[in-house]
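Visitor: Contents of target.txt (compact mmCIF, N, CA, C and O atoms):
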```txt
# COMPACT_ATOMS: atom_id res chain seq x y z
N MET Z 1 250.08 161.26 108.20
CA MET Z 1 249.39 160.23 108.95
C MET Z 1 249.25 159.00 108.07
O MET Z 1 248.82 159.08 106.93
N THR Z 2 249.64 157.85 108.58
CA THR Z 2 249.56 156.63 107.81
C THR Z 2 248.38 155.80 108.29
O THR Z 2 248.06 155.77 109.48
N ALA Z 3 247.74 155.12 107.38
CA ALA Z 3 246.61 154.26 107.73
C ALA Z 3 247.13 152.93 108.25
O ALA Z 3 248.14 152.41 107.77
N LEU Z 4 246.45 152.39 109.22
CA LEU Z 4 246.82 151.09 109.77
C LEU Z 4 246.21 149.98 108.95
O LEU Z 4 245.10 150.12 108.44
N ALA Z 5 246.92 148.89 108.86
CA ALA Z 5 246.39 147.71 108.18
C ALA Z 5 245.29 147.10 109.03
O ALA Z 5 245.12 147.44 110.20
N SER Z 6 244.55 146.21 108.46
CA SER Z 6 243.47 145.55 109.20
C SER Z 6 244.04 144.79 110.39
O SER Z 6 245.10 144.16 110.30
N PRO Z 7 243.33 144.82 111.53
CA PRO Z 7 243.83 144.10 112.70
C PRO Z 7 243.64 142.60 112.54
O PRO Z 7 242.75 142.14 111.83
N THR Z 8 244.49 141.83 113.19
CA THR Z 8 244.30 140.39 113.25
C THR Z 8 243.69 140.08 114.60
O THR Z 8 244.00 140.70 115.60
N VAL Z 9 242.79 139.12 114.63
CA VAL Z 9 242.02 138.84 115.83
C VAL Z 9 242.01 137.35 116.11
O VAL Z 9 241.89 136.55 115.21
N ASP Z 10 242.11 136.99 117.39
CA ASP Z 10 242.01 135.60 117.80
C ASP Z 10 241.35 135.57 119.17
O ASP Z 10 242.02 135.67 120.19
N ALA Z 11 240.03 135.48 119.22
CA ALA Z 11 239.30 135.49 120.49
C ALA Z 11 238.18 134.46 120.44
O ALA Z 11 237.05 134.77 120.08
N PRO Z 12 238.46 133.20 120.79
CA PRO Z 12 237.42 132.17 120.73
C PRO Z 12 236.39 132.29 121.85
O PRO Z 12 235.30 131.78 121.73
N VAL Z 13 236.73 132.93 122.96
CA VAL Z 13 235.82 133.08 124.09
C VAL Z 13 235.72 134.55 124.49
O VAL Z 13 236.58 135.35 124.15
N ALA Z 14 234.67 134.89 125.21
CA ALA Z 14 234.48 136.27 125.68
C ALA Z 14 235.60 136.65 126.64
O ALA Z 14 236.05 135.83 127.44
N ILE Z 15 236.04 137.90 126.57
CA ILE Z 15 237.05 138.41 127.49
C ILE Z 15 236.38 139.37 128.43
O ILE Z 15 235.65 140.27 128.02
N ARG Z 16 236.62 139.18 129.73
CA ARG Z 16 236.00 139.99 130.77
C ARG Z 16 237.05 140.82 131.49
O ARG Z 16 238.21 140.46 131.54
N CYS Z 17 236.60 141.92 132.08
CA CYS Z 17 237.45 142.75 132.92
C CYS Z 17 237.86 141.93 134.15
O CYS Z 17 237.03 141.23 134.74
N GLN Z 18 239.13 142.03 134.55
CA GLN Z 18 239.61 141.28 135.69
C GLN Z 18 239.08 141.82 137.01
O GLN Z 18 239.05 141.12 138.00
N VAL Z 19 238.65 143.07 137.03
CA VAL Z 19 238.20 143.71 138.27
C VAL Z 19 236.70 143.53 138.50
O VAL Z 19 236.27 143.07 139.54
N CYS Z 20 235.87 143.90 137.49
CA CYS Z 20 234.42 143.90 137.70
C CYS Z 20 233.68 142.85 136.87
O CYS Z 20 232.46 142.74 136.98
N ALA Z 21 234.36 142.07 136.07
CA ALA Z 21 233.80 140.97 135.26
C ALA Z 21 232.86 141.43 134.15
O ALA Z 21 232.08 140.65 133.63
N THR Z 22 232.94 142.70 133.72
CA THR Z 22 232.16 143.17 132.58
C THR Z 22 232.71 142.57 131.30
O THR Z 22 233.93 142.51 131.12
N LYS Z 23 231.84 142.10 130.42
CA LYS Z 23 232.30 141.57 129.13
C LYS Z 23 232.84 142.72 128.29
O LYS Z 23 232.16 143.71 128.07
N ILE Z 24 234.06 142.56 127.81
CA ILE Z 24 234.70 143.57 126.96
C ILE Z 24 234.70 143.10 125.51
O ILE Z 24 234.30 143.83 124.62
N VAL Z 25 235.16 141.88 125.25
CA VAL Z 25 235.21 141.32 123.91
C VAL Z 25 234.26 140.13 123.85
O VAL Z 25 234.35 139.22 124.66
N VAL Z 26 233.34 140.18 122.88
CA VAL Z 26 232.34 139.12 122.72
C VAL Z 26 232.44 138.57 121.30
O VAL Z 26 232.18 139.31 120.34
N PRO Z 27 232.82 137.30 121.15
CA PRO Z 27 232.89 136.73 119.80
C PRO Z 27 231.50 136.42 119.26
O PRO Z 27 230.65 135.91 119.97
N GLY Z 28 231.26 136.79 118.00
CA GLY Z 28 230.01 136.49 117.33
C GLY Z 28 230.24 135.39 116.31
O GLY Z 28 231.34 134.84 116.22
N PRO Z 29 229.23 135.07 115.51
CA PRO Z 29 229.39 133.99 114.52
C PRO Z 29 230.40 134.35 113.42
O PRO Z 29 231.14 133.48 112.97
N ASP Z 30 230.44 135.64 113.02
CA ASP Z 30 231.33 136.04 111.92
C ASP Z 30 232.24 137.21 112.28
O ASP Z 30 233.01 137.66 111.45
N GLU Z 31 232.13 137.73 113.52
CA GLU Z 31 232.91 138.91 113.89
C GLU Z 31 233.22 138.88 115.37
O GLU Z 31 232.74 138.04 116.11
N ILE Z 32 234.05 139.83 115.78
CA ILE Z 32 234.40 140.02 117.18
C ILE Z 32 233.89 141.40 117.57
O ILE Z 32 234.21 142.38 116.92
N ASP Z 33 233.09 141.49 118.64
CA ASP Z 33 232.56 142.76 119.10
C ASP Z 33 233.31 143.23 120.33
O ASP Z 33 233.52 142.48 121.27
N VAL Z 34 233.73 144.51 120.31
CA VAL Z 34 234.32 145.15 121.49
C VAL Z 34 233.22 146.05 122.03
O VAL Z 34 232.79 147.00 121.38
N LYS Z 35 232.75 145.74 123.24
CA LYS Z 35 231.60 146.42 123.82
C LYS Z 35 231.96 147.74 124.49
O LYS Z 35 232.66 147.74 125.50
N ASN Z 36 231.52 148.85 123.93
CA ASN Z 36 231.56 150.17 124.57
C ASN Z 36 232.88 150.45 125.30
O ASN Z 36 232.89 150.77 126.48
N ALA Z 37 233.98 150.33 124.62
CA ALA Z 37 235.28 150.53 125.25
C ALA Z 37 236.14 151.48 124.43
O ALA Z 37 236.02 151.57 123.21
N ILE Z 38 237.03 152.17 125.10
CA ILE Z 38 238.03 153.01 124.45
C ILE Z 38 239.24 152.12 124.18
O ILE Z 38 239.69 151.40 125.07
N LEU Z 39 239.77 152.15 122.96
CA LEU Z 39 240.91 151.31 122.62
C LEU Z 39 242.19 152.11 122.64
O LEU Z 39 242.22 153.29 122.30
N ARG Z 40 243.28 151.45 123.05
CA ARG Z 40 244.61 152.05 123.06
C ARG Z 40 245.56 151.04 122.43
O ARG Z 40 245.56 149.87 122.79
N VAL Z 41 246.39 151.52 121.48
CA VAL Z 41 247.33 150.65 120.79
C VAL Z 41 248.74 151.16 121.02
O VAL Z 41 249.02 152.34 120.83
N ASP Z 42 249.65 150.28 121.44
CA ASP Z 42 251.05 150.61 121.60
C ASP Z 42 251.71 150.52 120.23
O ASP Z 42 251.69 149.46 119.60
N ARG Z 43 252.28 151.61 119.75
CA ARG Z 43 252.86 151.63 118.40
C ARG Z 43 254.03 150.66 118.25
O ARG Z 43 254.20 150.04 117.21
N ALA Z 44 254.87 150.56 119.26
CA ALA Z 44 256.06 149.73 119.16
C ALA Z 44 255.72 148.24 119.03
O ALA Z 44 256.27 147.54 118.19
N SER Z 45 254.82 147.75 119.86
CA SER Z 45 254.51 146.32 119.87
C SER Z 45 253.26 145.97 119.07
O SER Z 45 253.08 144.82 118.68
N GLY Z 46 252.35 146.92 118.87
CA GLY Z 46 251.10 146.65 118.17
C GLY Z 46 250.03 146.06 119.07
O GLY Z 46 248.94 145.76 118.61
N ARG Z 47 250.33 145.90 120.35
CA ARG Z 47 249.34 145.33 121.29
C ARG Z 47 248.25 146.34 121.59
O ARG Z 47 248.49 147.53 121.67
N ALA Z 48 247.04 145.83 121.78
CA ALA Z 48 245.89 146.70 122.04
C ALA Z 48 245.31 146.41 123.42
O ALA Z 48 245.33 145.27 123.89
N THR Z 49 244.80 147.46 124.06
CA THR Z 49 244.07 147.33 125.32
C THR Z 49 242.77 148.11 125.20
O THR Z 49 242.65 149.03 124.39
N ALA Z 50 241.79 147.71 125.98
CA ALA Z 50 240.48 148.37 125.98
C ALA Z 50 240.18 148.83 127.40
O ALA Z 50 240.46 148.12 128.37
N LYS Z 51 239.61 150.03 127.53
CA LYS Z 51 239.26 150.56 128.84
C LYS Z 51 237.86 150.09 129.21
O LYS Z 51 236.91 150.31 128.45
N CYS Z 52 237.73 149.44 130.35
CA CYS Z 52 236.45 148.93 130.81
C CYS Z 52 235.49 150.10 131.03
O CYS Z 52 235.83 151.06 131.72
N PRO Z 53 234.28 150.03 130.46
CA PRO Z 53 233.34 151.14 130.63
C PRO Z 53 232.79 151.27 132.05
O PRO Z 53 232.32 152.33 132.43
N ARG Z 54 232.88 150.22 132.84
CA ARG Z 54 232.34 150.27 134.19
C ARG Z 54 233.36 150.74 135.22
O ARG Z 54 233.12 151.69 135.96
N CYS Z 55 234.53 150.10 135.29
CA CYS Z 55 235.49 150.41 136.36
C CYS Z 55 236.73 151.15 135.87
O CYS Z 55 237.60 151.49 136.66
N LYS Z 56 236.85 151.37 134.55
CA LYS Z 56 237.94 152.14 133.94
C LYS Z 56 239.31 151.45 134.00
O LYS Z 56 240.34 152.09 133.87
N THR Z 57 239.34 150.16 134.18
CA THR Z 57 240.59 149.39 134.18
C THR Z 57 240.96 149.07 132.73
O THR Z 57 240.10 148.80 131.91
N TRP Z 58 242.26 149.09 132.41
CA TRP Z 58 242.72 148.71 131.07
C TRP Z 58 242.83 147.20 131.00
O TRP Z 58 243.46 146.56 131.83
N VAL Z 59 242.20 146.61 129.97
CA VAL Z 59 242.15 145.16 129.78
C VAL Z 59 242.83 144.83 128.45
O VAL Z 59 242.49 145.41 127.42
N GLU Z 60 243.78 143.90 128.48
CA GLU Z 60 244.44 143.51 127.23
C GLU Z 60 243.47 142.69 126.39
O GLU Z 60 242.81 141.78 126.88
N ILE Z 61 243.37 143.05 125.11
CA ILE Z 61 242.48 142.35 124.19
C ILE Z 61 243.32 141.71 123.09
O ILE Z 61 244.43 142.15 122.83
N PRO Z 62 242.79 140.69 122.43
CA PRO Z 62 243.60 139.93 121.47
C PRO Z 62 243.63 140.57 120.07
O PRO Z 62 243.44 139.90 119.08
N PHE Z 63 243.84 141.88 120.00
CA PHE Z 63 244.00 142.57 118.73
C PHE Z 63 245.46 142.97 118.59
O PHE Z 63 246.08 143.36 119.57
N ARG Z 64 245.99 142.90 117.39
CA ARG Z 64 247.34 143.34 117.13
C ARG Z 64 247.34 144.06 115.80
O ARG Z 64 246.81 143.58 114.83
N TYR Z 65 247.90 145.27 115.78
CA TYR Z 65 247.92 146.09 114.57
C TYR Z 65 249.27 146.02 113.90
O TYR Z 65 250.30 146.10 114.56
N PHE Z 66 249.25 145.87 112.60
CA PHE Z 66 250.46 145.87 111.78
C PHE Z 66 250.28 146.98 110.75
O PHE Z 66 249.26 147.05 110.09
N GLY Z 67 251.25 147.82 110.64
CA GLY Z 67 251.07 148.87 109.65
C GLY Z 67 252.29 149.70 109.42
O GLY Z 67 253.27 149.71 110.02
```
In structure tokens, what does this structure look like?
Guide:
Amino acid sequence: MTALASPTVDAPVAIRCQVCATKIVVPGPDEIDVKNAILRVDRASGRATAKCPRCKTWVEIPFRYFG
């Protein structure tokens, strides 16, 4: 098992679920918070999605893993 490098993040505004409008990603002053979500990362592309805790829809988030 290999460890993943630190994720890169670019989220200047809050990201909401497209279905129920629940906030998924909330930018703070020094960090980015992912609110109560299950994360899924595609190994080939490094793209990440988060499962909405309310309606269970997968929402693309601005995280990308390199490793």
Visitor: For a test of reading the model, state the distance in Å between CA of Cys55 (chain Z) and CA of Arg40 (chain Z), rounded to one decimal.
Guide: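 Here the two named atoms are 16.2 Å from each other.
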Visitor: Given all atoms listed in the file as the basis, pick out the residue of Z:Ala14, Z:Val19, Z:Cys52, Z:Val59 nearest to Ala37 (chain Z).
Guide: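 Counting all atoms listed in the file, the residue closest to Ala37 (chain Z) is Z:Cys52.
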Visitor: For each of Z:Gly67, Z:Pro62, Z:Arg54, Z:Val41, take the minimum atom-to-atom distance to Thr22 (chain Z), counting all atoms listed in the file, then give the residue where this is smallest.
Guide: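 That would be Z:Arg54, the residue with the smallest distance to Thr22 (chain Z).
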Visitor: Enter the distance from atom O of Ile38 (chain Z) to atom O of Arg64 (chain Z), in Å, rounded to one decimal.
Guide: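 Between atom O of Ile38 (chain Z) and atom O of Arg64 (chain Z) the gap is 14.7 Å.
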Visitor: Between atom C of Tyr65 (chain Z) and atom N of Gly46 (chain Z), what is the distance in Å, rounded to a tenth?
Guide: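 Separation between atom C of Tyr65 (chain Z) and atom N of Gly46 (chain Z): 5.9 Å.
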Visitor: Would you mind completing region 54-65 of chain Z to all heavy atoms and writing the output as a PDB file, in the coordinates of the input?
Guide:
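This went into result.pdb:
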```pdb
ATOM      1  N   ARG Z  54     232.880 150.220 132.840  1.00  0.00           N
ATOM      2  CA  ARG Z  54     232.340 150.270 134.190  1.00  0.00           C
ATOM      3  C   ARG Z  54     233.360 150.740 135.220  1.00  0.00           C
ATOM      4  O   ARG Z  54     233.120 151.690 135.960  1.00  0.00           O
ATOM      5  CB  ARG Z  54     231.798 148.897 134.613  1.00  0.00           C
ATOM      6  CG  ARG Z  54     231.191 148.928 136.013  1.00  0.00           C
ATOM      7  CD  ARG Z  54     230.717 147.585 136.472  1.00  0.00           C
ATOM      8  NE  ARG Z  54     229.463 147.256 135.797  1.00  0.00           N
ATOM      9  CZ  ARG Z  54     228.907 146.069 135.866  1.00  0.00           C
ATOM     10  NH1 ARG Z  54     229.478 145.091 136.523  1.00  0.00           N
ATOM     11  NH2 ARG Z  54     227.768 145.845 135.253  1.00  0.00           N
ATOM     12  N   CYS Z  55     234.530 150.100 135.290  1.00  0.00           N
ATOM     13  CA  CYS Z  55     235.490 150.410 136.360  1.00  0.00           C
ATOM     14  C   CYS Z  55     236.730 151.150 135.870  1.00  0.00           C
ATOM     15  O   CYS Z  55     237.600 151.490 136.660  1.00  0.00           O
ATOM     16  CB  CYS Z  55     235.879 149.151 137.096  1.00  0.00           C
ATOM     17  SG  CYS Z  55     236.907 148.037 136.121  1.00  0.00           S
ATOM     18  N   LYS Z  56     236.850 151.370 134.550  1.00  0.00           N
ATOM     19  CA  LYS Z  56     237.940 152.140 133.940  1.00  0.00           C
ATOM     20  C   LYS Z  56     239.310 151.450 134.000  1.00  0.00           C
ATOM     21  O   LYS Z  56     240.340 152.090 133.870  1.00  0.00           O
ATOM     22  CB  LYS Z  56     238.061 153.546 134.542  1.00  0.00           C
ATOM     23  CG  LYS Z  56     236.752 154.299 134.627  1.00  0.00           C
ATOM     24  CD  LYS Z  56     236.089 154.429 133.274  1.00  0.00           C
ATOM     25  CE  LYS Z  56     234.821 155.260 133.400  1.00  0.00           C
ATOM     26  NZ  LYS Z  56     233.736 154.827 132.589  1.00  0.00           N
ATOM     27  N   THR Z  57     239.340 150.160 134.180  1.00  0.00           N
ATOM     28  CA  THR Z  57     240.590 149.390 134.180  1.00  0.00           C
ATOM     29  C   THR Z  57     240.960 149.070 132.730  1.00  0.00           C
ATOM     30  O   THR Z  57     240.100 148.800 131.910  1.00  0.00           O
ATOM     31  CB  THR Z  57     240.393 148.068 134.951  1.00  0.00           C
ATOM     32  OG1 THR Z  57     239.995 148.362 136.275  1.00  0.00           O
ATOM     33  CG2 THR Z  57     241.662 147.238 134.966  1.00  0.00           C
ATOM     34  N   TRP Z  58     242.260 149.090 132.410  1.00  0.00           N
ATOM     35  CA  TRP Z  58     242.720 148.710 131.070  1.00  0.00           C
ATOM     36  C   TRP Z  58     242.830 147.200 131.000  1.00  0.00           C
ATOM     37  O   TRP Z  58     243.460 146.560 131.830  1.00  0.00           O
ATOM     38  CB  TRP Z  58     244.055 149.357 130.754  1.00  0.00           C
ATOM     39  CG  TRP Z  58     243.922 150.827 130.523  1.00  0.00           C
ATOM     40  CD1 TRP Z  58     244.228 151.815 131.405  1.00  0.00           C
ATOM     41  CD2 TRP Z  58     243.439 151.469 129.351  1.00  0.00           C
ATOM     42  NE1 TRP Z  58     243.953 153.044 130.840  1.00  0.00           N
ATOM     43  CE2 TRP Z  58     243.472 152.861 129.575  1.00  0.00           C
ATOM     44  CE3 TRP Z  58     242.967 151.021 128.116  1.00  0.00           C
ATOM     45  CZ2 TRP Z  58     243.062 153.787 128.630  1.00  0.00           C
ATOM     46  CZ3 TRP Z  58     242.564 151.953 127.171  1.00  0.00           C
ATOM     47  CH2 TRP Z  58     242.617 153.312 127.433  1.00  0.00           C
ATOM     48  N   VAL Z  59     242.200 146.610 129.970  1.00  0.00           N
ATOM     49  CA  VAL Z  59     242.150 145.160 129.780  1.00  0.00           C
ATOM     50  C   VAL Z  59     242.830 144.830 128.450  1.00  0.00           C
ATOM     51  O   VAL Z  59     242.490 145.410 127.420  1.00  0.00           O
ATOM     52  CB  VAL Z  59     240.693 144.661 129.756  1.00  0.00           C
ATOM     53  CG1 VAL Z  59     240.637 143.162 129.531  1.00  0.00           C
ATOM     54  CG2 VAL Z  59     239.967 145.052 131.038  1.00  0.00           C
ATOM     55  N   GLU Z  60     243.780 143.900 128.480  1.00  0.00           N
ATOM     56  CA  GLU Z  60     244.440 143.510 127.230  1.00  0.00           C
ATOM     57  C   GLU Z  60     243.470 142.690 126.390  1.00  0.00           C
ATOM     58  O   GLU Z  60     242.810 141.780 126.880  1.00  0.00           O
ATOM     59  CB  GLU Z  60     245.685 142.684 127.523  1.00  0.00           C
ATOM     60  CG  GLU Z  60     246.506 142.443 126.286  1.00  0.00           C
ATOM     61  CD  GLU Z  60     247.859 141.851 126.581  1.00  0.00           C
ATOM     62  OE1 GLU Z  60     248.420 142.153 127.640  1.00  0.00           O
ATOM     63  OE2 GLU Z  60     248.330 141.083 125.741  1.00  0.00           O
ATOM     64  N   ILE Z  61     243.370 143.050 125.110  1.00  0.00           N
ATOM     65  CA  ILE Z  61     242.480 142.350 124.190  1.00  0.00           C
ATOM     66  C   ILE Z  61     243.320 141.710 123.090  1.00  0.00           C
ATOM     67  O   ILE Z  61     244.430 142.150 122.830  1.00  0.00           O
ATOM     68  CB  ILE Z  61     241.403 143.300 123.612  1.00  0.00           C
ATOM     69  CG1 ILE Z  61     242.027 144.486 122.891  1.00  0.00           C
ATOM     70  CG2 ILE Z  61     240.460 143.771 124.710  1.00  0.00           C
ATOM     71  CD1 ILE Z  61     241.032 145.388 122.202  1.00  0.00           C
ATOM     72  N   PRO Z  62     242.790 140.690 122.430  1.00  0.00           N
ATOM     73  CA  PRO Z  62     243.600 139.930 121.470  1.00  0.00           C
ATOM     74  C   PRO Z  62     243.630 140.570 120.070  1.00  0.00           C
ATOM     75  O   PRO Z  62     243.440 139.900 119.080  1.00  0.00           O
ATOM     76  CB  PRO Z  62     242.889 138.587 121.427  1.00  0.00           C
ATOM     77  CG  PRO Z  62     241.469 138.936 121.664  1.00  0.00           C
ATOM     78  CD  PRO Z  62     241.511 140.054 122.679  1.00  0.00           C
ATOM     79  N   PHE Z  63     243.840 141.880 120.000  1.00  0.00           N
ATOM     80  CA  PHE Z  63     244.000 142.570 118.730  1.00  0.00           C
ATOM     81  C   PHE Z  63     245.460 142.970 118.590  1.00  0.00           C
ATOM     82  O   PHE Z  63     246.080 143.360 119.570  1.00  0.00           O
ATOM     83  CB  PHE Z  63     243.150 143.836 118.658  1.00  0.00           C
ATOM     84  CG  PHE Z  63     241.679 143.611 118.607  1.00  0.00           C
ATOM     85  CD1 PHE Z  63     240.825 144.693 118.574  1.00  0.00           C
ATOM     86  CD2 PHE Z  63     241.119 142.351 118.596  1.00  0.00           C
ATOM     87  CE1 PHE Z  63     239.454 144.514 118.531  1.00  0.00           C
ATOM     88  CE2 PHE Z  63     239.754 142.150 118.557  1.00  0.00           C
ATOM     89  CZ  PHE Z  63     238.917 143.245 118.520  1.00  0.00           C
ATOM     90  N   ARG Z  64     245.990 142.900 117.390  1.00  0.00           N
ATOM     91  CA  ARG Z  64     247.340 143.340 117.130  1.00  0.00           C
ATOM     92  C   ARG Z  64     247.340 144.060 115.800  1.00  0.00           C
ATOM     93  O   ARG Z  64     246.810 143.580 114.830  1.00  0.00           O
ATOM     94  CB  ARG Z  64     248.293 142.145 117.096  1.00  0.00           C
ATOM     95  CG  ARG Z  64     249.741 142.541 117.185  1.00  0.00           C
ATOM     96  CD  ARG Z  64     250.624 141.326 117.322  1.00  0.00           C
ATOM     97  NE  ARG Z  64     250.442 140.636 118.569  1.00  0.00           N
ATOM     98  CZ  ARG Z  64     251.151 140.845 119.666  1.00  0.00           C
ATOM     99  NH1 ARG Z  64     252.087 141.759 119.663  1.00  0.00           N
ATOM    100  NH2 ARG Z  64     250.950 140.141 120.750  1.00  0.00           N
ATOM    101  N   TYR Z  65     247.900 145.270 115.780  1.00  0.00           N
ATOM    102  CA  TYR Z  65     247.920 146.090 114.570  1.00  0.00           C
ATOM    103  C   TYR Z  65     249.270 146.020 113.900  1.00  0.00           C
ATOM    104  O   TYR Z  65     250.300 146.100 114.560  1.00  0.00           O
ATOM    105  CB  TYR Z  65     247.583 147.539 114.902  1.00  0.00           C
ATOM    106  CG  TYR Z  65     246.122 147.752 115.207  1.00  0.00           C
ATOM    107  CD1 TYR Z  65     245.635 147.636 116.487  1.00  0.00           C
ATOM    108  CD2 TYR Z  65     245.235 148.031 114.180  1.00  0.00           C
ATOM    109  CE1 TYR Z  65     244.288 147.809 116.743  1.00  0.00           C
ATOM    110  CE2 TYR Z  65     243.884 148.203 114.433  1.00  0.00           C
ATOM    111  CZ  TYR Z  65     243.427 148.108 115.727  1.00  0.00           C
ATOM    112  OH  TYR Z  65     242.108 148.264 115.988  1.00  0.00           O
TER     113      TYR Z  65
END
```
